[in-house]
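Listing of work19.cif; format and content: mmCIF, C-alpha atoms.
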```cif
data_model
loop_
_atom_site.label_atom_id
_atom_site.label_comp_id
_atom_site.auth_asym_id
_atom_site.auth_seq_id
_atom_site.Cartn_x
_atom_site.Cartn_y
_atom_site.Cartn_z
CA MET Y 1127 -144.86 60.20 -33.75
CA ARG Y 1128 -148.19 58.48 -33.06
CA ILE Y 1129 -149.96 61.00 -35.32
CA PHE Y 1130 -147.36 60.33 -38.00
CA PHE Y 1131 -147.87 56.57 -37.57
CA ARG Y 1132 -151.59 56.91 -38.06
CA GLU Y 1133 -150.87 58.82 -41.27
CA PHE Y 1134 -148.46 56.05 -42.26
CA GLN Y 1135 -151.21 53.46 -41.82
CA ARG Y 1136 -153.66 55.55 -43.84
CA VAL Y 1137 -151.21 55.91 -46.70
CA ILE Y 1138 -150.58 52.16 -46.81
CA SER Y 1139 -154.31 51.53 -47.06
CA THR Y 1140 -154.54 53.82 -50.11
CA LEU Y 1141 -151.37 52.46 -51.71
CA ALA Y 1142 -149.50 55.76 -51.25
CA LEU Y 1143 -146.90 54.57 -48.81
CA PHE Y 1144 -144.48 57.21 -47.57
CA LEU Y 1145 -141.26 57.22 -45.64
CA VAL Y 1146 -141.32 57.30 -41.90
CA LEU Y 1147 -137.92 58.91 -41.60
CA ALA Y 1148 -135.54 60.61 -43.99
CA SER Y 1149 -132.21 60.76 -45.77
CA ALA Y 1150 -130.46 63.31 -47.94
CA PRO Y 1151 -127.19 63.72 -49.80
CA ALA Y 1152 -125.05 66.84 -49.38
CA TRP Y 1153 -122.90 66.04 -52.42
CA VAL Y 1154 -123.26 63.71 -55.34
CA PRO Y 1155 -120.98 62.61 -58.16
CA ALA Y 1156 -122.02 62.42 -61.83
CA TRP Y 1157 -124.69 59.92 -62.80
CA ALA Y 1158 -123.62 56.42 -63.85
CA PRO Y 1159 -126.15 53.95 -65.30
CA ALA Y 1160 -124.99 51.12 -63.00
CA TRP Y 1161 -126.02 53.20 -60.01
CA ALA Y 1162 -129.71 52.99 -60.76
CA GLU Y 1163 -130.27 49.81 -58.74
CA SER Y 1164 -126.96 49.46 -56.85
CA SER Y 1165 -128.33 49.96 -53.37
CA ALA Y 1166 -128.83 48.52 -49.90
CA VAL Y 1167 -131.24 48.81 -47.00
CA ILE Y 1168 -129.69 49.30 -43.55
CA PHE Y 1169 -131.79 48.59 -40.46
CA MET Y 1170 -131.20 50.19 -37.07
CA TYR Y 1171 -132.06 48.71 -33.67
CA HIS Y 1172 -131.36 49.77 -30.07
CA ARG Y 1173 -132.70 47.41 -27.38
CA PHE Y 1174 -134.13 43.90 -27.47
CA GLY Y 1175 -136.82 42.56 -25.16
CA GLU Y 1176 -136.81 45.63 -22.87
CA ASP Y 1177 -140.52 46.38 -22.73
CA THR Y 1178 -140.24 49.40 -20.39
CA VAL Y 1179 -138.71 51.54 -23.17
CA PRO Y 1180 -140.91 50.98 -26.24
CA SER Y 1181 -139.50 53.93 -28.21
CA THR Y 1182 -136.13 52.18 -28.56
CA ASN Y 1183 -137.09 48.56 -27.88
CA THR Y 1184 -137.73 45.70 -30.28
CA PRO Y 1185 -139.71 42.84 -28.70
CA LEU Y 1186 -137.99 39.49 -29.07
CA ALA Y 1187 -140.86 37.95 -31.04
CA GLN Y 1188 -140.71 40.89 -33.43
CA PHE Y 1189 -136.93 40.58 -33.81
CA GLU Y 1190 -137.22 36.86 -34.46
CA ALA Y 1191 -139.81 37.57 -37.15
CA HIS Y 1192 -137.41 40.02 -38.80
CA LEU Y 1193 -134.61 37.46 -38.81
CA ALA Y 1194 -136.92 34.76 -40.15
CA GLU Y 1195 -137.98 37.07 -42.99
CA LEU Y 1196 -134.35 37.79 -43.88
CA LYS Y 1197 -133.47 34.10 -43.66
CA SER Y 1198 -136.34 32.81 -45.77
CA GLY Y 1199 -136.81 35.71 -48.19
CA PRO Y 1200 -134.89 36.88 -51.28
CA TYR Y 1201 -132.39 38.94 -49.27
CA THR Y 1202 -128.61 39.02 -48.96
CA VAL Y 1203 -127.43 40.14 -45.50
CA LEU Y 1204 -123.88 41.51 -45.66
CA PRO Y 1205 -121.52 43.24 -43.22
CA VAL Y 1206 -122.16 46.97 -43.33
CA PRO Y 1207 -118.49 47.82 -44.10
CA ASP Y 1208 -118.67 45.54 -47.15
CA ILE Y 1209 -121.86 47.27 -48.32
CA ILE Y 1210 -120.28 50.71 -47.99
CA SER Y 1211 -117.14 49.62 -49.83
CA ALA Y 1212 -119.10 48.10 -52.72
CA ILE Y 1213 -121.29 51.17 -53.25
CA ARG Y 1214 -118.41 53.64 -52.96
CA GLU Y 1215 -116.31 51.64 -55.41
CA GLY Y 1216 -119.08 51.18 -57.94
CA ARG Y 1217 -119.36 47.42 -57.48
CA GLU Y 1218 -122.77 45.88 -57.90
CA LEU Y 1219 -124.61 44.42 -54.92
CA PRO Y 1220 -127.24 41.68 -55.02
CA ASP Y 1221 -130.81 42.91 -55.25
CA ARG Y 1222 -132.32 43.33 -51.78
CA THR Y 1223 -129.00 43.65 -49.99
CA VAL Y 1224 -129.54 44.30 -46.26
CA GLY Y 1225 -127.27 45.44 -43.43
CA ILE Y 1226 -127.99 45.37 -39.67
CA THR Y 1227 -126.87 48.06 -37.21
CA ILE Y 1228 -127.48 48.55 -33.48
CA ASP Y 1229 -126.95 51.78 -31.50
CA ASP Y 1230 -125.91 52.53 -27.92
CA ALA Y 1231 -124.43 49.22 -26.66
CA TYR Y 1232 -127.25 48.07 -24.40
CA LEU Y 1233 -126.69 44.80 -22.56
CA SER Y 1234 -129.58 43.15 -24.41
CA VAL Y 1235 -127.46 43.29 -27.56
CA TYR Y 1236 -125.20 40.71 -25.91
CA THR Y 1237 -127.81 38.66 -24.08
CA GLU Y 1238 -130.64 38.66 -26.65
CA ALA Y 1239 -129.65 39.93 -30.10
CA TRP Y 1240 -126.26 38.29 -30.51
CA PRO Y 1241 -127.39 34.68 -29.91
CA ARG Y 1242 -130.20 35.12 -32.43
CA LEU Y 1243 -127.98 36.84 -35.00
CA ARG Y 1244 -125.33 34.16 -34.56
CA SER Y 1245 -127.90 31.40 -35.05
CA ALA Y 1246 -129.13 33.08 -38.23
CA GLY Y 1247 -125.58 33.61 -39.46
CA PHE Y 1248 -126.05 37.37 -39.83
CA PRO Y 1249 -123.33 40.01 -39.23
CA ALA Y 1250 -124.10 43.28 -37.47
CA THR Y 1251 -122.52 46.64 -36.64
CA LEU Y 1252 -122.68 48.04 -33.09
CA PHE Y 1253 -122.23 51.79 -32.51
CA VAL Y 1254 -120.81 52.46 -29.03
CA ALA Y 1255 -120.91 55.67 -26.97
CA THR Y 1256 -117.91 55.08 -24.71
CA GLU Y 1257 -118.85 56.96 -21.53
CA LEU Y 1258 -121.71 54.71 -20.41
CA VAL Y 1259 -119.53 51.67 -21.00
CA ASP Y 1260 -116.69 53.22 -18.98
CA ARG Y 1261 -119.07 54.05 -16.13
CA HIS Y 1262 -120.23 50.42 -15.90
CA SER Y 1263 -123.76 51.79 -16.24
CA LYS Y 1264 -126.55 49.36 -15.46
CA GLY Y 1265 -128.03 47.79 -18.57
CA TYR Y 1266 -124.99 48.51 -20.77
CA LEU Y 1267 -122.24 46.34 -22.16
CA ASN Y 1268 -118.75 46.29 -20.71
CA TRP Y 1269 -115.53 46.31 -22.72
CA ASP Y 1270 -114.96 42.58 -22.33
CA GLN Y 1271 -118.38 41.89 -23.86
CA ILE Y 1272 -117.73 44.38 -26.68
CA ARG Y 1273 -114.43 42.65 -27.44
CA GLU Y 1274 -116.25 39.32 -27.45
CA LEU Y 1275 -118.81 40.67 -29.90
CA ALA Y 1276 -116.01 42.00 -32.11
CA ALA Y 1277 -114.30 38.61 -32.04
CA GLY Y 1278 -117.63 36.99 -32.90
CA GLY Y 1279 -118.13 38.98 -36.09
CA PHE Y 1280 -119.58 42.32 -35.00
CA THR Y 1281 -118.21 45.51 -36.51
CA ILE Y 1282 -117.73 48.14 -33.78
CA GLY Y 1283 -118.51 51.73 -34.74
CA GLY Y 1284 -118.13 55.12 -33.08
CA HIS Y 1285 -120.99 56.99 -31.42
CA THR Y 1286 -119.14 59.75 -29.46
CA VAL Y 1287 -118.34 59.75 -25.74
CA SER Y 1288 -121.49 61.14 -24.10
CA HIS Y 1289 -124.13 60.88 -26.87
CA PRO Y 1290 -124.69 64.66 -27.32
CA HIS Y 1291 -126.91 66.58 -29.72
CA MET Y 1292 -124.03 67.29 -32.09
CA ALA Y 1293 -125.90 69.51 -34.56
CA GLY Y 1294 -126.73 71.95 -31.74
CA ALA Y 1295 -123.32 71.79 -30.02
CA ASN Y 1296 -120.27 73.93 -30.63
CA ARG Y 1297 -117.31 72.83 -32.73
CA ALA Y 1298 -114.92 72.43 -29.80
CA LEU Y 1299 -117.27 70.12 -27.92
CA ASN Y 1300 -117.90 67.98 -30.99
CA ARG Y 1301 -114.20 67.71 -31.77
CA ALA Y 1302 -113.50 66.64 -28.19
CA GLU Y 1303 -116.27 64.02 -28.33
CA LEU Y 1304 -114.74 62.50 -31.44
CA GLU Y 1305 -111.12 62.67 -30.31
CA ASN Y 1306 -111.82 61.26 -26.85
CA SER Y 1307 -114.01 58.42 -28.08
CA ASN Y 1308 -111.39 57.49 -30.68
CA ALA Y 1309 -108.70 57.48 -27.99
CA ARG Y 1310 -110.80 55.16 -25.87
CA PHE Y 1311 -111.42 52.78 -28.77
CA ARG Y 1312 -107.71 52.70 -29.52
CA GLU Y 1313 -106.97 51.92 -25.89
CA MET Y 1314 -109.65 49.24 -25.42
CA LEU Y 1315 -109.90 47.66 -28.88
CA GLY Y 1316 -106.54 48.49 -30.43
CA ARG Y 1317 -107.95 50.63 -33.26
CA ILE Y 1318 -110.38 53.38 -34.03
CA PRO Y 1319 -113.59 52.47 -35.90
CA ASP Y 1320 -114.19 53.10 -39.59
CA LEU Y 1321 -117.92 53.77 -39.22
CA PHE Y 1322 -119.78 56.37 -37.15
CA ALA Y 1323 -123.41 56.99 -36.18
CA TYR Y 1324 -124.64 60.45 -35.14
CA PRO Y 1325 -126.43 60.43 -31.76
CA TYR Y 1326 -130.15 60.95 -32.37
CA GLY Y 1327 -129.31 60.98 -36.08
CA GLU Y 1328 -128.64 64.72 -35.86
CA ALA Y 1329 -125.94 66.17 -38.08
CA SER Y 1330 -124.87 69.32 -39.88
CA ALA Y 1331 -122.34 70.08 -42.61
CA GLU Y 1332 -119.85 71.17 -39.95
CA VAL Y 1333 -120.35 68.05 -37.84
CA ALA Y 1334 -119.98 65.81 -40.90
CA GLU Y 1335 -116.73 67.57 -41.74
CA LEU Y 1336 -115.39 66.89 -38.23
CA VAL Y 1337 -116.41 63.22 -38.41
CA LYS Y 1338 -114.61 62.82 -41.72
CA ALA Y 1339 -111.51 64.59 -40.40
CA SER Y 1340 -111.51 62.25 -37.38
CA GLY Y 1341 -110.71 59.27 -39.59
CA TYR Y 1342 -114.13 57.74 -40.22
CA ARG Y 1343 -114.95 56.65 -43.76
CA ALA Y 1344 -118.75 56.78 -43.48
CA ALA Y 1345 -121.41 57.97 -41.03
CA PHE Y 1346 -125.09 57.20 -40.46
CA GLY Y 1347 -128.15 59.11 -39.35
CA GLN Y 1348 -131.37 57.71 -37.92
CA HIS Y 1349 -133.55 58.40 -40.93
CA SER Y 1350 -135.18 56.05 -43.39
CA GLY Y 1351 -133.95 55.58 -46.92
CA VAL Y 1352 -132.06 53.29 -49.26
CA ILE Y 1353 -128.29 53.71 -49.57
CA ASN Y 1354 -127.11 54.29 -53.13
CA PRO Y 1355 -124.12 55.98 -54.80
CA SER Y 1356 -125.81 59.39 -54.93
CA ASP Y 1357 -125.81 59.57 -51.12
CA ASP Y 1358 -123.51 61.64 -48.95
CA PHE Y 1359 -121.43 58.92 -47.30
CA PHE Y 1360 -121.22 61.03 -44.15
CA TYR Y 1361 -124.98 61.11 -43.66
CA LEU Y 1362 -126.29 57.74 -44.74
CA PRO Y 1363 -129.88 56.60 -44.09
CA ARG Y 1364 -131.15 53.71 -41.98
CA PHE Y 1365 -134.62 52.34 -41.34
CA ALA Y 1366 -135.23 52.71 -37.59
CA LEU Y 1367 -137.09 49.86 -35.90
CA ASN Y 1368 -138.92 49.74 -32.57
CA GLU Y 1369 -142.17 48.41 -31.14
CA ILE Y 1370 -144.31 50.86 -33.15
CA TYR Y 1371 -142.37 50.78 -36.39
CA GLY Y 1372 -141.25 47.17 -36.28
CA SER Y 1373 -144.23 45.24 -37.64
CA ILE Y 1374 -143.34 42.52 -40.09
CA GLU Y 1375 -145.36 44.35 -42.75
CA ARG Y 1376 -143.28 47.51 -42.42
CA PHE Y 1377 -140.08 45.50 -42.13
CA ARG Y 1378 -140.86 43.67 -45.35
CA LEU Y 1379 -141.73 46.90 -47.18
CA ALA Y 1380 -138.46 48.49 -46.09
CA ALA Y 1381 -136.35 45.42 -46.86
CA ASN Y 1382 -137.72 45.45 -50.42
CA ALA Y 1383 -137.35 49.20 -50.92
CA LEU Y 1384 -135.52 50.80 -53.85
CA PRO Y 1385 -133.68 54.13 -53.88
CA ILE Y 1386 -134.58 57.46 -55.45
CA PRO Y 1387 -131.12 58.63 -56.58
CA VAL Y 1388 -130.88 62.42 -56.59
CA THR Y 1389 -128.48 65.29 -57.18
CA ASP Y 1390 -128.56 68.96 -56.21
CA MET Y 1391 -130.35 68.47 -52.89
CA THR Y 1392 -131.27 71.78 -51.26
CA PRO Y 1393 -130.62 72.94 -48.67
CA ALA Y 1394 -127.25 71.16 -48.59
CA ASP Y 1395 -126.90 71.59 -44.82
CA PRO Y 1396 -129.47 69.78 -42.63
CA LEU Y 1397 -128.96 72.42 -39.91
CA ILE Y 1398 -131.70 74.99 -40.36
CA GLY Y 1399 -131.07 78.66 -39.60
CA THR Y 1400 -133.28 81.70 -40.16
CA ASN Y 1401 -134.71 80.37 -43.44
CA ASN Y 1402 -137.46 78.31 -41.82
CA PRO Y 1403 -139.16 76.45 -43.38
CA PRO Y 1404 -136.42 75.85 -45.93
CA SER Y 1405 -137.02 75.45 -49.65
CA VAL Y 1406 -136.44 71.74 -50.16
CA GLY Y 1407 -135.62 70.42 -53.62
CA PHE Y 1408 -133.72 67.76 -55.51
CA THR Y 1409 -133.13 66.49 -59.04
CA VAL Y 1410 -134.06 62.85 -59.64
CA SER Y 1411 -131.96 60.49 -61.76
CA PRO Y 1412 -133.32 59.96 -65.28
CA SER Y 1413 -133.46 56.23 -64.47
CA VAL Y 1414 -136.46 56.88 -62.20
CA LYS Y 1415 -139.73 57.11 -64.11
CA LYS Y 1416 -143.29 58.31 -63.43
CA LEU Y 1417 -142.29 61.13 -61.11
CA GLU Y 1418 -145.85 62.44 -61.27
CA ARG Y 1419 -146.65 59.67 -58.76
CA LEU Y 1420 -144.11 60.94 -56.23
CA THR Y 1421 -145.68 61.87 -52.88
CA CYS Y 1422 -143.93 63.80 -50.09
CA PHE Y 1423 -144.79 64.36 -46.45
CA SER Y 1424 -143.52 66.36 -43.51
CA SER Y 1425 -143.20 64.66 -40.13
CA HIS Y 1426 -144.77 67.65 -38.37
CA SER Y 1427 -147.47 68.76 -40.81
CA GLY Y 1428 -148.42 65.86 -43.06
CA ALA Y 1429 -148.75 66.03 -46.84
CA ALA Y 1430 -146.44 68.54 -48.51
CA ASN Y 1431 -146.95 70.45 -51.75
CA THR Y 1432 -144.78 68.74 -54.37
CA GLU Y 1433 -144.00 70.47 -57.67
CA LEU Y 1434 -142.43 68.62 -60.60
CA LEU Y 1435 -140.36 70.93 -62.80
CA GLY Y 1436 -138.41 70.19 -65.97
CA GLN Y 1437 -135.49 67.72 -66.17
CA GLY Y 1438 -136.61 65.75 -63.13
CA ARG Y 1439 -136.45 68.64 -60.67
CA VAL Y 1440 -138.72 68.25 -57.62
CA GLU Y 1441 -139.54 71.10 -55.24
CA VAL Y 1442 -141.19 70.34 -51.89
CA ARG Y 1443 -142.96 73.15 -50.05
CA VAL Y 1444 -144.07 73.11 -46.41
CA ALA Y 1445 -146.04 76.12 -45.19
CA ALA Y 1446 -145.43 75.86 -41.42
CA PRO Y 1447 -141.99 76.56 -39.92
CA PHE Y 1448 -140.12 73.56 -38.62
CA PRO Y 1449 -140.36 73.18 -34.82
CA LYS Y 1450 -137.33 72.94 -32.58
CA GLY Y 1451 -135.47 69.68 -32.98
CA ARG Y 1452 -135.83 67.15 -35.81
CA THR Y 1453 -138.14 67.41 -38.83
CA ARG Y 1454 -138.27 65.03 -41.77
CA ILE Y 1455 -139.39 65.47 -45.35
CA ASN Y 1456 -140.21 62.03 -46.72
CA CYS Y 1457 -140.96 61.04 -50.31
CA THR Y 1458 -142.09 57.75 -51.86
CA LEU Y 1459 -142.75 56.52 -55.35
CA PRO Y 1460 -144.41 53.22 -56.34
CA ALA Y 1461 -142.08 50.98 -58.32
CA GLU Y 1462 -142.39 47.71 -60.16
CA ASP Y 1463 -143.51 44.42 -58.57
CA GLY Y 1464 -145.24 46.13 -55.67
CA ARG Y 1465 -141.99 47.65 -54.36
CA TRP Y 1466 -141.50 51.30 -53.35
CA ARG Y 1467 -138.79 53.85 -53.92
CA TRP Y 1468 -137.88 55.76 -50.75
CA LEU Y 1469 -136.16 59.10 -50.17
CA GLY Y 1470 -136.17 61.57 -47.37
CA ARG Y 1471 -134.30 64.30 -45.60
CA GLN Y 1472 -133.90 64.99 -41.90
CA PHE Y 1473 -133.39 68.56 -40.69
CA TYR Y 1474 -132.41 69.95 -37.31
CA PHE Y 1475 -133.63 73.34 -36.10
CA PRO Y 1476 -131.92 74.51 -32.88
CA GLY Y 1477 -134.77 76.88 -32.05
#
```
Rewrite the structure from the file as structure tokens, please.
Amino acid sequence: MRIFFREFQRVISTLALFLVLASAPAWVPAWAPAWAESSAVIFMYHRFGEDTVPSTNTPLAQFEAHLAELKSGPYTVLPVPDIISAIREGRELPDRTVGITIDDAYLSVYTEAWPRLRSAGFPATLFVATELVDRHSKGYLNWDQIRELAAGGFTIGGHTVSHPHMAGANRALNRAELENSNARFREMLGRIPDLFAYPYGEASAEVAELVKASGYRAAFGQHSGVINPSDDFFYLPRFALNEIYGSIERFRLAANALPIPVTDMTPADPLIGTNNPPSVGFTVSPSVKKLERLTCFSSHSGAANTELLGQGRVEVRVAAPFPKGRTRINCTLPAEDGRWRWLGRQFYFPG
């Protein structure tokens, strides 16, 4: 990740900013002109002010800077369920719509994030893995605190029982994780959640099918991108924030990002089998211009070979096989007014 961050800094300095993480649709409906700019940026946090775990922590000063930017800038912060409903139903959202999500139910959500969010008047969604709450694990919320957050305006989302690597697990285990976590939510909160977040952001076509069948209406990964109607609503992108990737400069760039709506994303399944590296491709909406300026990168090997074919078709080629675990293909395109269009795809190779 540090190598990738250095590359990120280099690209900014040459005005060829690229995505740090990734998103990708598995299905897309027909193009509609209103979709071109109907979009939203969703941010993802974990911990707040817990300096011993920098990979998932956001320092309090950094978090306060984010909230100040959202409060003073040209943004509209909305509840994530409202954002999802508007995009799915074809209703327009304000330009620079932003949603806030938090994963894993750490205690600092209650002690540090909630007072600051409440003061700013911003809603948030909290994704809860139920087992650590049930165990009264040190540093985690309890059910009384989660109910208090829900009463105070938080949306509570599902995040399995034990936080497994779902893309590499078998179907029976994943089904049990979903059924048991839903049962616990029903018992403790009186209902099952509408929204789900994949642990580690890892998903597959089979896992997404199980999540949908479990009653959820949308699900999120941990990859960067801008939500728009061309997305698969069971693998939606989020911009992940932590000490390394939480500077106000990056936050501002992400908050102002625009989508790259696509169809015909290949491969459709983010779980990689024997075809490694996969042949990655997508067809860009005709509303997006100057595709010759599109730049793509791989999280494990840097700049990728990008070929622009007819009718907006883009093919991305990476020579080296993807390593075990997560790999991201990330693409950016400069847009008007100094803003950037962002698109990516996260893959999981079980090894």
Selected residue, from Y:Leu1304, Y:Leu1362, Y:Ala1429, Y:Cys1457, that lies nearest to Val1444 of chain Y when counting all atoms listed in the file: Y:Ala1429
Please evaluate the PyMOL selection byres ((chain Y and resi 1427) around 10) against the displayed coordinates and give the resulting residues as JSON, numbers by chain. {"Y": [1129, 1130, 1423, 1424, 1425, 1426, 1428, 1429, 1430, 1444, 1445, 1446, 1447, 1448, 1453, 1454, 1455]}
Residues matched by the PyMOL selection byres ((chain Y and resi 1384) around 9), written as a PDB file with C-alpha atoms, in the coordinates of the input:
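The result, written out as expr_9.pdb:
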```
ATOM      1  CA  GLU Y1163    -130.270  49.810 -58.740  1.00  0.00           C
ATOM      2  CA  SER Y1165    -128.330  49.960 -53.370  1.00  0.00           C
ATOM      3  CA  ALA Y1166    -128.830  48.520 -49.900  1.00  0.00           C
ATOM      4  CA  VAL Y1167    -131.240  48.810 -47.000  1.00  0.00           C
ATOM      5  CA  ARG Y1222    -132.320  43.330 -51.780  1.00  0.00           C
ATOM      6  CA  GLY Y1351    -133.950  55.580 -46.920  1.00  0.00           C
ATOM      7  CA  VAL Y1352    -132.060  53.290 -49.260  1.00  0.00           C
ATOM      8  CA  ILE Y1353    -128.290  53.710 -49.570  1.00  0.00           C
ATOM      9  CA  ALA Y1380    -138.460  48.490 -46.090  1.00  0.00           C
ATOM     10  CA  ALA Y1381    -136.350  45.420 -46.860  1.00  0.00           C
ATOM     11  CA  ASN Y1382    -137.720  45.450 -50.420  1.00  0.00           C
ATOM     12  CA  ALA Y1383    -137.350  49.200 -50.920  1.00  0.00           C
ATOM     13  CA  PRO Y1385    -133.680  54.130 -53.880  1.00  0.00           C
ATOM     14  CA  ILE Y1386    -134.580  57.460 -55.450  1.00  0.00           C
ATOM     15  CA  ALA Y1461    -142.080  50.980 -58.320  1.00  0.00           C
ATOM     16  CA  ARG Y1465    -141.990  47.650 -54.360  1.00  0.00           C
ATOM     17  CA  TRP Y1466    -141.500  51.300 -53.350  1.00  0.00           C
ATOM     18  CA  ARG Y1467    -138.790  53.850 -53.920  1.00  0.00           C
ATOM     19  CA  TRP Y1468    -137.880  55.760 -50.750  1.00  0.00           C
TER      20      TRP Y1468
END
```
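Among Y:Thr1432, Y:Gln1437, Y:Glu1303, Y:Ile1374, the residue with the shortest atom-to-atom distance to Ser1413 of chain Y, counting only C-alpha atoms, is Y:Gln1437.
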Draw an axis-aligned box tight on the listed atoms of segment 1376-1384 of chain Y, then pad every side by 6 Å and write out centre and edge lengths in Å to one decimal as AutoDock Vina command-line options.
```
--center_x -139.4 --center_y 47.2 --center_z -48.0 --size_x 19.8 --size_y 19.1 --size_z 23.7
```
Can you list, as a PyMOL selection string, the residues that the PyMOL selection byres ((chain Y and resi 1207) around 10) selects here? chain Y and resi 1204-1206+1208-1212+1225+1250-1251+1281+1320-1321+1343-1344
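Atom CA of Gly1347 of chain Y lies 6.7 Å from atom CA of Arg1364 of chain Y.
Take the candidates Y:Glu1313, Y:Glu1215, Y:Glu1441, Y:Glu1332 and check each one against Arg1273 of chain Y using all atoms listed in the file; the shortest distance goes to Y:Glu1313.
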As a compact mmCIF listing (two decimals) with C-alpha atoms, keeping the file's coordinate frame, please: the residues near Glu1238 of chain Y (cut-off 12 Å, only C-alpha atoms, same-chain neighbours under 3 positions excluded).
```
# COMPACT_ATOMS: atom_id res chain seq x y z
CA HIS Y 1172 -131.36 49.77 -30.07
CA ARG Y 1173 -132.70 47.41 -27.38
CA PHE Y 1174 -134.13 43.90 -27.47
CA GLY Y 1175 -136.82 42.56 -25.16
CA GLU Y 1176 -136.81 45.63 -22.87
CA ASN Y 1183 -137.09 48.56 -27.88
CA THR Y 1184 -137.73 45.70 -30.28
CA PRO Y 1185 -139.71 42.84 -28.70
CA LEU Y 1186 -137.99 39.49 -29.07
CA ALA Y 1187 -140.86 37.95 -31.04
CA PHE Y 1189 -136.93 40.58 -33.81
CA GLU Y 1190 -137.22 36.86 -34.46
CA TYR Y 1232 -127.25 48.07 -24.40
CA LEU Y 1233 -126.69 44.80 -22.56
CA SER Y 1234 -129.58 43.15 -24.41
CA VAL Y 1235 -127.46 43.29 -27.56
CA PRO Y 1241 -127.39 34.68 -29.91
CA ARG Y 1242 -130.20 35.12 -32.43
CA LEU Y 1243 -127.98 36.84 -35.00
CA ARG Y 1244 -125.33 34.16 -34.56
CA SER Y 1245 -127.90 31.40 -35.05
```
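What separates atom CA of Asn1431 of chain Y from atom CA of Ser1411 of chain Y is a distance of 20.6 Å.
Atom CA of Asn1401 of chain Y sits 24.6 Å away from atom CA of Pro1290 of chain Y.
Among the candidates Y:Thr1182, Y:Pro1249, Y:Leu1336, Y:Asp1357, the residue lying nearest to Ile1213 of chain Y is Y:Asp1357 (atoms considered: all atoms listed in the file).
Neighbouring residues of Gly1247 of chain Y at 10 Å or closer, counting all atoms listed in the file and skipping chain neighbours under 6 positions away, are Leu1193, Lys1197, Val1203, Pro1241 and Gly1279 of chain Y.
Taking only C-alpha atoms into account, Gly1436 of chain Y lies nearest to Y:Val1410 out of the set Y:Val1410, Y:Leu1315, Y:Leu1459, Y:Ala1231.
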Contacts of Leu1252 of chain Y at 6 Å or less, counting all atoms listed in the file, minus same-chain residues fewer than 2 places along, as an MDAnalysis selection string? chainID Y and resid 1227:1229 1282:1283
With all atoms listed in the file as the atoms that count, which of Y:Glu1274, Y:Glu1195, Y:Glu1433, Y:Asp1221 lies nearest to Ala1246 of chain Y? Y:Glu1195
For Arg1317 of chain Y, please output as a PyMOL selection string all residues within 9 Å (counting all atoms listed in the file; exclusion window: fewer than 6 positions along the same chain). chain Y and resi 1308-1309+1311
If we count only C-alpha atoms, what is near Val1287 of chain Y at a cut-off of 6 Å, once residues fewer than 6 positions away on the same chain are taken out, given as a count of residues only? 5
